[in-house]
Amino acid sequence: MNTHISRFAVPESLDELPQDVRTRILAVQDKAGFVPNVFLMLAHRPEEFRAFFAYHDALMTRESVSLTLAEREMIVVTLSARNGCLYCVVAHGALLRIYSKNPHLADQLAIDPRTASLSERQRLMLDFALHVGLRGGGLDSDWQTRLLEAGFSLDDIWDIGAIAAFFGLSNRLVTLAGTPPNAEFYLMGRVPR
């Protein structure tokens with residue numbers, strides 16, 4: 001294993017990991033064709049690995065009436081760029097390009113969201129995510145009214161805020177560990193298949 005993916009210990013071999021953690025990593029490898037560095041970075045503490053990915057999956061893959069996978073990734077890329085997290089901008093930028101089928105959107109959101117072709121609803125979603133994720137803001141009656149009028153439910157509002165909060169944690173852990181993005185992420189979704 002590449003030990004230059006974290007300032008902290010990474011497994012020498014997947015065989016030394018608990019079965020459930022190893023199975024999760026191998027499933028990702030089978031699907032993506034490589035092991036994202038963040039999986040190895042977090043694997044040195046299996047209980048935290050499990051908790052991190054359980055909450056990640058609950059936020060990012062659960063069924064939603066109105067938040068698409070692309071919109072969830074829009075929140076991650078926008079917030080991660082403001083937090084200076086190269087890993088999450090690159091990795092989630094790749095997912096955003098794939099889900100949105102737009103090779104430009106992730107770069108636009110990372111540099112200046114005003115350059116992206118977004119709906120007013122999506123702009124409000126990102127503004128609220130930044131309010132929560134960067135400024136530690138809460139849901140006051142003004143934000144609630146604006147978000148509800150834009151068509152977001154209270155469940156959606158929770159999701160926006162929870163994704164922003166969770167990726168604040170993720171951004172800081174990846175930065176703490178000095179974990180670089182995998183080279184494979186840079187080209188994903190840039191050229192149509």
# chains A, B, ... in the order shown; residues from 1 in each chain; ligands from 1
$ residues_around --residues "A:Val21" --least-positions-apart "5" --cutoff "8 Å" --atoms "only C-alpha atoms" --output "ChimeraX atom specification"
/A:43,46,49-50
$ select_by_dssp --residues "stretch 34-126 of chain A" --states "helix (DSSP H, G or I)" --output "PyMOL selection string"
chain A and resi 37-42+46-60+69-82+86-100+105-111+113-115+120-126
$ residues_around --residues "stretch 153-170 of chain A" --least-positions-apart "6" --cutoff "6 Å" --atoms "only C-alpha atoms" --output "number ranges by chain"
A: 129, 132-133
$ atom_distance --atom1 "atom CA of A:Ile25" --atom2 "atom CA of A:Leu105"
28.2 Å
$ closest_residue --among "A:Ala81, A:Val89, A:Leu139, A:Ile98" --to "A:Asn182" --atoms "only C-alpha atoms"
A:Val89
$ residues_around --residues "A:Gln108" --least-positions-apart "6" --cutoff "10 Å" --atoms "only C-alpha atoms" --output "number ranges by chain"
A: 77-78, 114-117
$ write_last_selection --atoms "N, CA and C atoms" --output "PDB file, in the first residue's frame"
ATOM      1  N   VAL A  77     -18.870  19.946  -3.241  1.00  0.00           N
ATOM      2  CA  VAL A  77     -17.815  20.629  -3.991  1.00  0.00           C
ATOM      3  C   VAL A  77     -17.740  22.097  -3.604  1.00  0.00           C
ATOM      4  N   THR A  78     -18.863  22.759  -3.517  1.00  0.00           N
ATOM      5  CA  THR A  78     -18.891  24.181  -3.182  1.00  0.00           C
ATOM      6  C   THR A  78     -18.302  24.427  -1.795  1.00  0.00           C
ATOM      7  N   ARG A 114     -21.006  31.592  -9.048  1.00  0.00           N
ATOM      8  CA  ARG A 114     -21.801  32.515  -9.870  1.00  0.00           C
ATOM      9  C   ARG A 114     -21.622  32.256 -11.354  1.00  0.00           C
ATOM     10  N   THR A 115     -20.535  31.557 -11.750  1.00  0.00           N
ATOM     11  CA  THR A 115     -20.306  31.267 -13.172  1.00  0.00           C
ATOM     12  C   THR A 115     -21.073  30.039 -13.639  1.00  0.00           C
ATOM     13  N   ALA A 116     -21.621  29.276 -12.735  1.00  0.00           N
ATOM     14  CA  ALA A 116     -22.317  28.035 -13.080  1.00  0.00           C
ATOM     15  C   ALA A 116     -23.760  28.314 -13.476  1.00  0.00           C
ATOM     16  N   SER A 117     -24.230  27.539 -14.422  1.00  0.00           N
ATOM     17  CA  SER A 117     -25.635  27.617 -14.824  1.00  0.00           C
ATOM     18  C   SER A 117     -26.463  26.816 -13.824  1.00  0.00           C
TER      19      SER A 117
END
$ closest_residue --among "A:Leu126, A:Ala110, A:Val76, A:Cys85" --to "A:His56" --atoms "only C-alpha atoms"
A:Val76
$ closest_atom_pairs --of "stretch 70-158 of chain A" --to "stretch 27-36 of chain A" --cutoff "12 Å" --atoms "only C-alpha atoms" --output "Markdown table"
| residue | atom | partner | partner_atom | distance |
| --- | --- | --- | --- | --- |
| A:Tyr87 | CA | A:Pro36 | CA | 10.0 |
| A:Cys88 | CA | A:Pro36 | CA | 11.0 |
| A:Val90 | CA | A:Pro36 | CA | 11.4 |
| A:Ala91 | CA | A:Pro36 | CA | 8.4 |
| A:His92 | CA | A:Pro36 | CA | 11.3 |
| A:Ala94 | CA | A:Ala32 | CA | 11.5 |
| A:Leu95 | CA | A:Ala32 | CA | 11.0 |
$ write_last_selection --atoms "C-alpha atoms" --output "short mmCIF file (atom, residue, chain, number, x, y, z; two decimals), in the first residue's frame"
data_model
loop_
_atom_site.label_atom_id
_atom_site.label_comp_id
_atom_site.auth_asym_id
_atom_site.auth_seq_id
_atom_site.Cartn_x
_atom_site.Cartn_y
_atom_site.Cartn_z
CA TYR A 87 -9.16 15.90 -1.95
CA CYS A 88 -12.91 16.50 -1.64
CA VAL A 90 -11.32 16.61 -6.83
CA ALA A 91 -13.03 13.39 -5.70
CA HIS A 92 -16.52 14.82 -5.36
CA ALA A 94 -15.56 13.72 -10.35
CA LEU A 95 -18.83 12.39 -8.93
#
$ closest_residue --among "A:His131, A:Arg121, A:Lys101, A:Arg172" --to "A:Gly151" --atoms "only C-alpha atoms"
A:Arg121
$ residues_around --residues "A:Thr68" --least-positions-apart "4" --cutoff "12 Å" --atoms "only C-alpha atoms" --output "list in words"
Leu59, Met60, Thr61, Arg62, Glu63, Ser64, Arg72, Glu73, Met74, Ile75, Leu96, Tyr99, Ser100, Gln122, Met125, Asp156, Asp159 and Ile160 of chain A
$ write_last_selection --atoms "N, CA and C atoms" --output "mmCIF file, in the first residue's frame"
data_model
loop_
_atom_site.group_PDB
_atom_site.id
_atom_site.type_symbol
_atom_site.label_atom_id
_atom_site.label_comp_id
_atom_site.auth_asym_id
_atom_site.auth_seq_id
_atom_site.Cartn_x
_atom_site.Cartn_y
_atom_site.Cartn_z
ATOM 1 N N LEU A 59 -26.446 10.164 4.388
ATOM 2 C CA LEU A 59 -26.666 11.497 3.815
ATOM 3 C C LEU A 59 -26.633 11.514 2.294
ATOM 4 N N MET A 60 -25.684 10.790 1.719
ATOM 5 C CA MET A 60 -25.404 10.954 0.299
ATOM 6 C C MET A 60 -26.134 9.968 -0.610
ATOM 7 N N THR A 61 -26.609 8.858 -0.072
ATOM 8 C CA THR A 61 -27.239 7.866 -0.948
ATOM 9 C C THR A 61 -28.691 7.567 -0.599
ATOM 10 N N ARG A 62 -29.187 8.166 0.478
ATOM 11 C CA ARG A 62 -30.577 7.859 0.847
ATOM 12 C C ARG A 62 -31.538 8.468 -0.169
ATOM 13 N N GLU A 63 -32.675 7.851 -0.281
ATOM 14 C CA GLU A 63 -33.698 8.349 -1.191
ATOM 15 C C GLU A 63 -34.174 9.728 -0.739
ATOM 16 N N SER A 64 -34.370 10.601 -1.693
ATOM 17 C CA SER A 64 -34.883 11.938 -1.409
ATOM 18 C C SER A 64 -35.919 12.278 -2.456
ATOM 19 N N ARG A 72 -26.514 16.985 -4.215
ATOM 20 C CA ARG A 72 -25.764 16.664 -2.999
ATOM 21 C C ARG A 72 -24.274 16.900 -3.239
ATOM 22 N N GLU A 73 -23.790 16.460 -4.398
ATOM 23 C CA GLU A 73 -22.372 16.654 -4.727
ATOM 24 C C GLU A 73 -22.059 18.134 -4.977
ATOM 25 N N MET A 74 -23.028 18.889 -5.464
ATOM 26 C CA MET A 74 -22.830 20.337 -5.622
ATOM 27 C C MET A 74 -22.519 20.976 -4.274
ATOM 28 N N ILE A 75 -23.247 20.554 -3.252
ATOM 29 C CA ILE A 75 -23.013 21.079 -1.906
ATOM 30 C C ILE A 75 -21.593 20.731 -1.460
ATOM 31 N N LEU A 96 -19.647 14.664 -9.208
ATOM 32 C CA LEU A 96 -20.578 15.677 -9.716
ATOM 33 C C LEU A 96 -20.588 15.687 -11.241
ATOM 34 N N TYR A 99 -22.627 12.536 -12.239
ATOM 35 C CA TYR A 99 -24.059 12.615 -11.941
ATOM 36 C C TYR A 99 -24.765 13.707 -12.738
ATOM 37 N N SER A 100 -24.102 14.829 -12.938
ATOM 38 C CA SER A 100 -24.737 15.944 -13.652
ATOM 39 C C SER A 100 -24.575 15.842 -15.161
ATOM 40 N N GLN A 122 -31.263 25.989 -6.793
ATOM 41 C CA GLN A 122 -29.934 25.446 -6.497
ATOM 42 C C GLN A 122 -29.018 26.505 -5.888
ATOM 43 N N MET A 125 -29.968 26.770 -2.343
ATOM 44 C CA MET A 125 -29.474 25.579 -1.645
ATOM 45 C C MET A 125 -28.000 25.756 -1.277
ATOM 46 N N ASP A 156 -35.449 18.050 3.325
ATOM 47 C CA ASP A 156 -34.418 18.549 2.412
ATOM 48 C C ASP A 156 -33.510 19.556 3.106
ATOM 49 N N ASP A 159 -31.143 17.791 5.196
ATOM 50 C CA ASP A 159 -30.107 17.175 4.364
ATOM 51 C C ASP A 159 -29.060 18.190 3.920
ATOM 52 N N ILE A 160 -29.498 19.349 3.482
ATOM 53 C CA ILE A 160 -28.552 20.385 3.037
ATOM 54 C C ILE A 160 -27.609 20.755 4.181
#
